Amino acid sequence: RQLSAAKKSLWMMTDDSSDGSEEMDAEEGEEEEIDQDEIFDLIRNICDPEHPTTTLEELHVVSASQIFIGGSNNKPNTVKVEFTPTVPHCGASTYIGLSIRVRLIRSLPTRFKLDIAVKPGSHQSEHAVNKQLNDKERVAAALENPALVKMIETCLTGRE
Amino acid sequence: MDEDFSHSLQKVAELGGHEEEVWHIAWNPAKSLLASCSSDKSVRLFTYNHDGEGTLKFSLATSIPTGHLKTVRSVAWSPSGSTLATASFDSNIGIWEQEQPDEDGHSGEWECASLLEGHETECKSVAYSSTGTLLASCSRDKTVWVWEVQPDSDFECMGVLMEHTQDVKCVAWHPTEEILASGSYDDTIKIYVDDPQDDWFCCTTLTGHESTVWALGWSPNGKYLASSSDDKTVRIWKRVGEYEFKCVLVLEGHDRSVYSVSWGVGNIGQEADPLNLGRIASAGGDGIIRVWDLHENPSSDKPTAKLVARLPSAHGTYDINTVVWCPRKGYQDLLATSGDDGMVKIWKIQAS
């Protein structure tokens with residue numbers, strides 16, 4: 001049940017135009033702008049599964065400058081997050097990338113299409129890691145795996 | 001700024017009810033039924049009819065709680081339209097048949113007549129051959145299975161094809177011959193045939209896509225195969241020999257992964273044009289439905305593709321997972337799409 005709720009929130013986030021209405025009303029329907037720093041705030045405190053007491057920011061895995069917002073100027077609709085694995089053979093890279101993806105899917109309006117990738121040259125299996133992180137079917141299947149979901153939730157909870 | 005297209009897609013129906021993303025849909029080839037499947041593990045069957053005023057109306061016939069333990073990734077009807085197959089991330093394939101109507105004439109329940117086990121990981125696609133005597137399935141376990149359909153919902157595995165080096169995303173049978181195609185995360189397409197003296201084997205590999213091949217669709221005349229990919233293109237492959245295929249066209253324009261492609265008859269038969277190859281619809285992560293008319297070219301072996309309709313935001317901001325033409329006579333101008341918004345939508349293509 002819990003699993004399904006976690007997954008449901010994945011693709012089926014209520015749209016920004018229909019939800020968040022209280023905030024929207026306060027701003028008279030103006031759409032909140034989303035910038036690099038705001039997205040960085042969402043992911044900086046995610047923990048590394050191999051170093052559960054250290055955040056991705058502290059490990060220099062993520063930074064605001066590695067976040068790219070695209071689309072037209074008045075209607076941005078793509079977010080690309082690059083992250084830098086701690087070592088080029090880092091086995092936890094897919095979990096880190098998946099944690100970033102899950103956090104952003106849950107937090108950003110659905111109009112944003114997400115691309116998650118390791119920093120070019122930072123991982124020996126760069127292509128394989130990137131391909132896996134951006135295959136929606138693999139991501140969906142991974143999030144039906146209870147052990148994996150538990151690990152990701154732990155990473156997302158971060159250091160309290 | 002509006003581009004001019006010769007055709008437009010008019011919305012006929014919006015069918016909700018799934019609680020999570022709808023991965024796949026399949027038109028029943030024989031009856032007024034459309035099946036959809038979702039991460040919510042259910043299959044919904046919709047029926048359609050013309051009302052008194054001649055308007056086409058869709059309504060829910062039934063919802064099947066499949067009992068699959070994970071996402072139902074794809075559905076396929078047998079050619080007779082009496083059997084439905086479901087492929088699930090729980091690695092199993094369900095075979096569904098409807099019970100006889102009861103004494104009061106209430107239509108029977110859809111029951112699981114058989115459960116095909118064998119794949120080790122997520123089953124991603126399932127398809128019946130044109131005669132309905134064979135079923136193909138594929139999985140993240142890198143294999144393609146060919147099953148023989150026997151009486152009493154019995155299935156015998158005729159071959160396990162271990163040709164791909166990565167997940168197999170889709171399988172598609174040739175419209176008339178016993179030729180099977182599969183597309184994979186390894187970026188290739190493989191074609192298989194049965195050796196009468198031996199087993200099923202891979203007769204050729206089609207390379208050219210630069211990323212995952214998500215979907216395949218044969219042309220109505222069986223001489224071409226369309227493939228859609230994470231590389232944002234649709235490729236058209238022409239059968240140039242018994243076991244020989246050549247890429248003759250690359251359709252570009254999509255901004256993100258093209259998750260689905262469907263090749264319908266279009267105006268074939270309605271106009272006296274022997275070169276008419278029918279109509280391709282493609283859609284994916286950019287949320288745009290594109291429709292292309294294809295014609296053979298008398299002076300070249302490359303067909304001509306013309307973009308005849310383009311519909312952005314067909315499912316709002318959400319990805320489109322499947323686009324498919326209705327195969328039934330009289331309804332072949334209908335297109336169904338399904339998306340991450342949990343919706344199934346029906347469109348009619350019209351000259352604008």
# chains A, B, ... in the order shown; residues from 1 in each chain; ligands from 1
$ residues_around --residues "Thr84 of chain A" --least-positions-apart "3" --cutoff "8 Å" --atoms "only C-alpha atoms" --output "list in words"
His60, Val61, Val62, Val118, Lys119 and Ser122 of chain A
$ closest_atom_pairs --of "chain B" --to "chain A" --cutoff "10 Å" --atoms "only C-alpha atoms" --output "Markdown table"
| residue | atom | partner | partner_atom | distance |
| --- | --- | --- | --- | --- |
| B:Glu19 | CA | A:Lys8 | CA | 7.8 |
| B:Glu20 | CA | A:Lys8 | CA | 6.1 |
| B:Glu21 | CA | A:Trp11 | CA | 6.9 |
| B:Trp23 | CA | A:Glu137 | CA | 9.4 |
| B:Ser39 | CA | A:Lys8 | CA | 8.6 |
| B:Asp40 | CA | A:Ser4 | CA | 8.2 |
| B:Leu69 | CA | A:Glu144 | CA | 9.5 |
| B:Lys70 | CA | A:Glu144 | CA | 6.9 |
| B:Thr71 | CA | A:Ala141 | CA | 7.9 |
| B:Arg73 | CA | A:Glu137 | CA | 9.0 |
| B:Phe89 | CA | A:Ala141 | CA | 6.8 |
| B:Asp90 | CA | A:Ala141 | CA | 9.4 |
| B:Thr121 | CA | A:Ala141 | CA | 9.9 |
| B:Glu122 | CA | A:Ala141 | CA | 7.6 |
| B:Lys124 | CA | A:Glu137 | CA | 8.9 |
| B:Arg140 | CA | A:Arg138 | CA | 8.9 |
| B:Asp167 | CA | A:Arg138 | CA | 9.5 |
| B:Lys169 | CA | A:Glu137 | CA | 9.2 |
| B:Tyr185 | CA | A:Lys131 | CA | 9.0 |
| B:Ser211 | CA | A:Lys131 | CA | 8.5 |
| B:Thr212 | CA | A:Asp135 | CA | 8.7 |
| B:Asp230 | CA | A:Asp135 | CA | 8.7 |
| B:Arg256 | CA | A:Lys113 | CA | 9.3 |
| B:Ser257 | CA | A:Asp135 | CA | 9.3 |
| B:Gly285 | CA | A:Lys113 | CA | 8.3 |
| B:Asp286 | CA | A:Lys113 | CA | 8.7 |
| B:Gly316 | CA | A:Arg111 | CA | 8.3 |
| B:Thr317 | CA | A:Arg111 | CA | 5.0 |
| B:Tyr318 | CA | A:Thr110 | CA | 7.1 |
| B:Asp319 | CA | A:Lys113 | CA | 9.1 |
| B:Gly339 | CA | A:Trp11 | CA | 9.9 |
| B:Asp340 | CA | A:Trp11 | CA | 6.1 |
| B:Asp341 | CA | A:Met12 | CA | 6.0 |
| B:Gly342 | CA | A:Met12 | CA | 7.6 |
$ atom_distance --atom1 "atom CA of Ile95 of chain B" --atom2 "atom CA of Glu111 of chain B"
8.3 Å
$ select_by_dssp --residues "segment 81-327 of chain B" --states "strand (DSSP E or B)" --output "PyMOL selection string"
chain B and resi 83-88+93-98+110-116+123-128+134-139+144-150+154-161+168-173+179-184+189-194+200-206+213-218+224-229+234-241+244-251+260-264+268+271+276-283+289-295+304-311+320-325
$ residues_around --residues "segment 149-154 of chain A" --least-positions-apart "3" --cutoff "9 Å" --atoms "only C-alpha atoms" --output "MDAnalysis selection string"
chainID A and resid 3 6 46:47 49 52 95:96 98:99 102 142:146 157:158
$ residues_around --residues "Gly81 of chain B" --least-positions-apart "2" --cutoff "6 Å" --atoms "only C-alpha atoms" --output "NGL selection string"
:B and (28-30 or 77-79 or 83)
$ closest_residue --among "B:Gly94, B:Pro196, B:Pro303, B:Pro151" --to "Cys123 of chain B" --atoms "only C-alpha atoms"
B:Gly94
$ atom_distance --atom1 "atom CA of Asn267 of chain B" --atom2 "atom CA of Lys302 of chain B"
19.8 Å
$ closest_residue --among "A:Leu133, A:Ile116, A:Cys155, A:Leu108" --to "Ile34 of chain A" --atoms "only C-alpha atoms"
A:Leu108
$ atom_distance --atom1 "atom CA of Asp231 of chain B" --atom2 "atom CA of Gly284 of chain B"
11.4 Å
$ residues_around --residues "Arg44 of chain A" --least-positions-apart "4" --cutoff "9 Å" --atoms "only C-alpha atoms" --output "list in words"
Ile39, Phe40, Thr55, Leu56, Glu57, Glu58, Val61, Val62, Ser63 and Ala64 of chain A
$ write_last_selection --atoms "C-alpha atoms" --output "PDB file, in the first residue's frame"
ATOM      1  CA  ILE A  39      16.284  22.918  -7.300  1.00  0.00           C
ATOM      2  CA  PHE A  40      19.607  22.674  -5.508  1.00  0.00           C
ATOM      3  CA  THR A  55      24.898  14.812   2.200  1.00  0.00           C
ATOM      4  CA  LEU A  56      25.419  14.998  -1.553  1.00  0.00           C
ATOM      5  CA  GLU A  57      26.370  18.646  -1.105  1.00  0.00           C
ATOM      6  CA  GLU A  58      29.067  17.839   1.457  1.00  0.00           C
ATOM      7  CA  VAL A  61      28.286  15.255  -5.711  1.00  0.00           C
ATOM      8  CA  VAL A  62      25.761  17.986  -6.521  1.00  0.00           C
ATOM      9  CA  SER A  63      26.071  21.747  -6.900  1.00  0.00           C
ATOM     10  CA  ALA A  64      23.857  24.575  -8.117  1.00  0.00           C
TER      11      ALA A  64
END
$ select_by_dssp --residues "segment 35-156 of chain A" --states "helix (DSSP H, G or I)" --output "ChimeraX atom specification"
/A:36-43,64-66,93-107,126-133,136-142,146-156
$ write_last_selection --atoms "N, CA and C atoms" --output "short mmCIF file (atom, residue, chain, number, x, y, z; two decimals), in the first residue's frame"
data_model
loop_
_atom_site.label_atom_id
_atom_site.label_comp_id
_atom_site.auth_asym_id
_atom_site.auth_seq_id
_atom_site.Cartn_x
_atom_site.Cartn_y
_atom_site.Cartn_z
N GLN A 36 17.86 27.60 -10.38
CA GLN A 36 18.89 26.62 -10.01
C GLN A 36 18.95 26.41 -8.50
N ASP A 37 18.95 27.54 -7.76
CA ASP A 37 19.12 27.44 -6.31
C ASP A 37 17.98 26.69 -5.66
N GLU A 38 16.78 26.92 -6.19
CA GLU A 38 15.62 26.24 -5.62
C GLU A 38 15.70 24.73 -5.83
N ILE A 39 16.14 24.35 -7.03
CA ILE A 39 16.28 22.92 -7.30
C ILE A 39 17.44 22.34 -6.47
N PHE A 40 18.48 23.12 -6.34
CA PHE A 40 19.61 22.67 -5.51
C PHE A 40 19.14 22.43 -4.07
N ASP A 41 18.30 23.33 -3.56
CA ASP A 41 17.77 23.16 -2.20
C ASP A 41 17.03 21.83 -2.05
N LEU A 42 16.39 21.39 -3.13
CA LEU A 42 15.63 20.14 -3.06
C LEU A 42 16.52 18.91 -2.96
N ILE A 43 17.73 19.01 -3.52
CA ILE A 43 18.55 17.79 -3.61
C ILE A 43 19.82 17.81 -2.75
N ALA A 64 24.84 23.76 -7.36
CA ALA A 64 23.86 24.57 -8.12
C ALA A 64 24.30 24.77 -9.56
N SER A 65 25.63 24.85 -9.77
CA SER A 65 26.11 25.12 -11.13
C SER A 65 25.94 23.92 -12.06
N GLN A 66 25.60 22.76 -11.50
CA GLN A 66 25.39 21.58 -12.34
C GLN A 66 23.90 21.34 -12.62
N SER A 93 26.14 5.05 -7.96
CA SER A 93 25.73 6.17 -8.82
C SER A 93 24.27 6.07 -9.26
N THR A 94 23.85 4.85 -9.61
CA THR A 94 22.46 4.74 -10.07
C THR A 94 21.49 5.03 -8.93
N TYR A 95 21.86 4.65 -7.70
CA TYR A 95 20.96 4.95 -6.57
C TYR A 95 20.92 6.45 -6.29
N ILE A 96 22.08 7.08 -6.40
CA ILE A 96 22.12 8.53 -6.19
C ILE A 96 21.26 9.23 -7.25
N GLY A 97 21.45 8.82 -8.49
CA GLY A 97 20.69 9.43 -9.58
C GLY A 97 19.20 9.18 -9.43
N LEU A 98 18.85 7.97 -9.01
CA LEU A 98 17.45 7.63 -8.83
C LEU A 98 16.84 8.44 -7.68
N SER A 99 17.61 8.63 -6.61
CA SER A 99 17.13 9.44 -5.49
C SER A 99 16.86 10.88 -5.94
N ILE A 100 17.77 11.42 -6.73
CA ILE A 100 17.60 12.79 -7.24
C ILE A 100 16.33 12.85 -8.10
N ARG A 101 16.17 11.85 -8.96
CA ARG A 101 15.00 11.84 -9.85
C ARG A 101 13.71 11.77 -9.04
N VAL A 102 13.67 10.88 -8.05
CA VAL A 102 12.44 10.71 -7.27
C VAL A 102 12.12 12.01 -6.52
N ARG A 103 13.14 12.62 -5.91
CA ARG A 103 12.89 13.86 -5.19
C ARG A 103 12.31 14.94 -6.12
N LEU A 104 12.87 15.05 -7.32
CA LEU A 104 12.41 16.10 -8.23
C LEU A 104 11.04 15.79 -8.82
N ILE A 105 10.77 14.52 -9.11
CA ILE A 105 9.44 14.17 -9.62
C ILE A 105 8.38 14.53 -8.57
N ARG A 106 8.72 14.29 -7.31
CA ARG A 106 7.75 14.56 -6.26
C ARG A 106 7.58 16.05 -5.98
N SER A 107 8.61 16.82 -6.27
CA SER A 107 8.60 18.22 -5.84
C SER A 107 8.28 19.21 -6.95
N GLU A 126 29.79 5.77 -17.67
CA GLU A 126 28.93 6.96 -17.81
C GLU A 126 27.69 6.70 -18.68
N HIS A 127 27.89 6.12 -19.84
CA HIS A 127 26.78 5.94 -20.77
C HIS A 127 25.72 5.00 -20.18
N ALA A 128 26.21 3.90 -19.57
CA ALA A 128 25.27 2.91 -19.02
C ALA A 128 24.48 3.50 -17.85
N VAL A 129 25.16 4.25 -16.99
CA VAL A 129 24.48 4.86 -15.84
C VAL A 129 23.43 5.86 -16.33
N ASN A 130 23.82 6.72 -17.26
CA ASN A 130 22.88 7.73 -17.77
C ASN A 130 21.68 7.08 -18.45
N LYS A 131 21.94 6.05 -19.23
CA LYS A 131 20.86 5.41 -19.97
C LYS A 131 19.84 4.82 -19.00
N GLN A 132 20.36 4.17 -17.97
CA GLN A 132 19.49 3.55 -16.98
C GLN A 132 18.65 4.59 -16.24
N LEU A 133 19.29 5.69 -15.86
CA LEU A 133 18.61 6.72 -15.06
C LEU A 133 17.51 7.43 -15.85
N LYS A 136 12.41 5.42 -18.47
CA LYS A 136 11.27 5.53 -17.56
C LYS A 136 10.72 4.17 -17.14
N GLU A 137 10.88 3.18 -18.02
CA GLU A 137 10.37 1.85 -17.69
C GLU A 137 11.22 1.21 -16.60
N ARG A 138 12.53 1.36 -16.73
CA ARG A 138 13.42 0.83 -15.70
C ARG A 138 13.21 1.55 -14.37
N VAL A 139 13.02 2.88 -14.45
CA VAL A 139 12.79 3.65 -13.22
C VAL A 139 11.49 3.18 -12.56
N ALA A 140 10.43 3.01 -13.36
CA ALA A 140 9.14 2.56 -12.82
C ALA A 140 9.28 1.19 -12.18
N ALA A 141 10.00 0.29 -12.86
CA ALA A 141 10.16 -1.07 -12.32
C ALA A 141 10.99 -1.03 -11.04
N ALA A 142 12.02 -0.20 -11.02
CA ALA A 142 12.86 -0.11 -9.82
C ALA A 142 12.03 0.34 -8.62
N PRO A 146 10.58 -3.25 -3.42
CA PRO A 146 10.51 -2.70 -2.05
C PRO A 146 11.88 -2.40 -1.43
N ALA A 147 12.86 -3.27 -1.68
CA ALA A 147 14.18 -3.05 -1.06
C ALA A 147 14.81 -1.76 -1.60
N LEU A 148 14.64 -1.56 -2.89
CA LEU A 148 15.21 -0.38 -3.53
C LEU A 148 14.50 0.90 -3.05
N VAL A 149 13.19 0.81 -2.95
CA VAL A 149 12.42 1.97 -2.50
C VAL A 149 12.84 2.34 -1.08
N LYS A 150 13.06 1.33 -0.25
CA LYS A 150 13.45 1.59 1.13
C LYS A 150 14.80 2.33 1.16
N MET A 151 15.71 1.87 0.32
CA MET A 151 17.03 2.51 0.28
C MET A 151 16.90 3.97 -0.18
N ILE A 152 16.08 4.18 -1.19
CA ILE A 152 15.91 5.55 -1.70
C ILE A 152 15.25 6.45 -0.67
N GLU A 153 14.24 5.91 0.02
CA GLU A 153 13.59 6.71 1.05
C GLU A 153 14.59 7.12 2.12
N THR A 154 15.51 6.20 2.45
CA THR A 154 16.53 6.52 3.46
C THR A 154 17.43 7.65 2.95
N CYS A 155 17.82 7.55 1.70
CA CYS A 155 18.66 8.61 1.12
C CYS A 155 17.92 9.95 1.12
N LEU A 156 16.62 9.88 0.80
CA LEU A 156 15.85 11.12 0.68
C LEU A 156 15.57 11.76 2.02
#
$ residues_around --residues "Val79 of chain A" --least-positions-apart "4" --cutoff "8 Å" --atoms "only C-alpha atoms" --output "NGL selection string"
:A and (67-70 or 112-115)
$ write_last_selection --atoms "all heavy atoms" --output "PDB file, in the first residue's frame"
ATOM      1  N   ILE A  67      23.109  22.394 -12.417  1.00  0.00           N
ATOM      2  CA  ILE A  67      21.671  22.291 -12.677  1.00  0.00           C
ATOM      3  C   ILE A  67      21.339  23.218 -13.846  1.00  0.00           C
ATOM      4  O   ILE A  67      21.722  24.389 -13.840  1.00  0.00           O
ATOM      5  CB  ILE A  67      20.873  22.674 -11.417  1.00  0.00           C
ATOM      6  CG1 ILE A  67      21.137  21.624 -10.319  1.00  0.00           C
ATOM      7  CG2 ILE A  67      19.375  22.773 -11.720  1.00  0.00           C
ATOM      8  CD1 ILE A  67      20.681  22.030  -8.947  1.00  0.00           C
ATOM      9  N   PHE A  68      20.655  22.662 -14.838  1.00  0.00           N
ATOM     10  CA  PHE A  68      20.378  23.441 -16.043  1.00  0.00           C
ATOM     11  C   PHE A  68      18.874  23.446 -16.306  1.00  0.00           C
ATOM     12  O   PHE A  68      18.255  22.389 -16.368  1.00  0.00           O
ATOM     13  CB  PHE A  68      21.116  22.834 -17.239  1.00  0.00           C
ATOM     14  CG  PHE A  68      22.580  22.596 -16.961  1.00  0.00           C
ATOM     15  CD1 PHE A  68      23.017  21.359 -16.481  1.00  0.00           C
ATOM     16  CD2 PHE A  68      23.508  23.600 -17.142  1.00  0.00           C
ATOM     17  CE1 PHE A  68      24.357  21.128 -16.201  1.00  0.00           C
ATOM     18  CE2 PHE A  68      24.853  23.381 -16.877  1.00  0.00           C
ATOM     19  CZ  PHE A  68      25.285  22.140 -16.399  1.00  0.00           C
ATOM     20  N   ILE A  69      18.330  24.646 -16.426  1.00  0.00           N
ATOM     21  CA  ILE A  69      16.895  24.760 -16.679  1.00  0.00           C
ATOM     22  C   ILE A  69      16.698  25.207 -18.116  1.00  0.00           C
ATOM     23  O   ILE A  69      17.324  26.169 -18.564  1.00  0.00           O
ATOM     24  CB  ILE A  69      16.259  25.762 -15.693  1.00  0.00           C
ATOM     25  CG1 ILE A  69      16.469  25.233 -14.262  1.00  0.00           C
ATOM     26  CG2 ILE A  69      14.760  25.938 -15.976  1.00  0.00           C
ATOM     27  CD1 ILE A  69      16.028  26.156 -13.177  1.00  0.00           C
ATOM     28  N   GLY A  70      15.844  24.472 -18.843  1.00  0.00           N
ATOM     29  CA  GLY A  70      15.683  24.771 -20.262  1.00  0.00           C
ATOM     30  C   GLY A  70      14.242  24.993 -20.656  1.00  0.00           C
ATOM     31  O   GLY A  70      13.343  24.971 -19.822  1.00  0.00           O
ATOM     32  N   PHE A 112       7.709  19.864 -15.956  1.00  0.00           N
ATOM     33  CA  PHE A 112       9.154  19.708 -16.113  1.00  0.00           C
ATOM     34  C   PHE A 112       9.515  18.289 -16.507  1.00  0.00           C
ATOM     35  O   PHE A 112       9.171  17.338 -15.835  1.00  0.00           O
ATOM     36  CB  PHE A 112       9.881  20.090 -14.822  1.00  0.00           C
ATOM     37  CG  PHE A 112       9.894  21.561 -14.594  1.00  0.00           C
ATOM     38  CD1 PHE A 112       8.964  22.154 -13.751  1.00  0.00           C
ATOM     39  CD2 PHE A 112      10.813  22.373 -15.241  1.00  0.00           C
ATOM     40  CE1 PHE A 112       8.957  23.520 -13.552  1.00  0.00           C
ATOM     41  CE2 PHE A 112      10.812  23.744 -15.047  1.00  0.00           C
ATOM     42  CZ  PHE A 112       9.880  24.323 -14.202  1.00  0.00           C
ATOM     43  N   LYS A 113      10.219  18.169 -17.634  1.00  0.00           N
ATOM     44  CA  LYS A 113      10.794  16.898 -18.031  1.00  0.00           C
ATOM     45  C   LYS A 113      12.195  16.855 -17.426  1.00  0.00           C
ATOM     46  O   LYS A 113      12.939  17.840 -17.500  1.00  0.00           O
ATOM     47  CB  LYS A 113      10.876  16.805 -19.553  1.00  0.00           C
ATOM     48  CG  LYS A 113       9.527  17.000 -20.256  1.00  0.00           C
ATOM     49  CD  LYS A 113       8.622  15.798 -20.098  1.00  0.00           C
ATOM     50  CE  LYS A 113       7.304  16.015 -20.815  1.00  0.00           C
ATOM     51  NZ  LYS A 113       6.378  14.892 -20.634  1.00  0.00           N
ATOM     52  N   LEU A 114      12.539  15.729 -16.830  1.00  0.00           N
ATOM     53  CA  LEU A 114      13.801  15.636 -16.106  1.00  0.00           C
ATOM     54  C   LEU A 114      14.832  14.819 -16.865  1.00  0.00           C
ATOM     55  O   LEU A 114      14.509  13.775 -17.419  1.00  0.00           O
ATOM     56  CB  LEU A 114      13.572  14.964 -14.749  1.00  0.00           C
ATOM     57  CG  LEU A 114      12.568  15.635 -13.820  1.00  0.00           C
ATOM     58  CD1 LEU A 114      12.364  14.765 -12.579  1.00  0.00           C
ATOM     59  CD2 LEU A 114      13.072  17.006 -13.421  1.00  0.00           C
ATOM     60  N   ASP A 115      16.053  15.290 -16.852  1.00  0.00           N
ATOM     61  CA  ASP A 115      17.177  14.507 -17.351  1.00  0.00           C
ATOM     62  C   ASP A 115      18.226  14.480 -16.250  1.00  0.00           C
ATOM     63  O   ASP A 115      18.614  15.529 -15.739  1.00  0.00           O
ATOM     64  CB  ASP A 115      17.760  15.136 -18.621  1.00  0.00           C
ATOM     65  CG  ASP A 115      16.774  15.088 -19.787  1.00  0.00           C
ATOM     66  OD1 ASP A 115      16.384  13.973 -20.166  1.00  0.00           O
ATOM     67  OD2 ASP A 115      16.387  16.165 -20.282  1.00  0.00           O
TER      68      ASP A 115
END
$ closest_residue --among "A:Lys80, A:His89, A:His123, A:His51" --to "Asp35 of chain A" --atoms "only C-alpha atoms"
A:Lys80
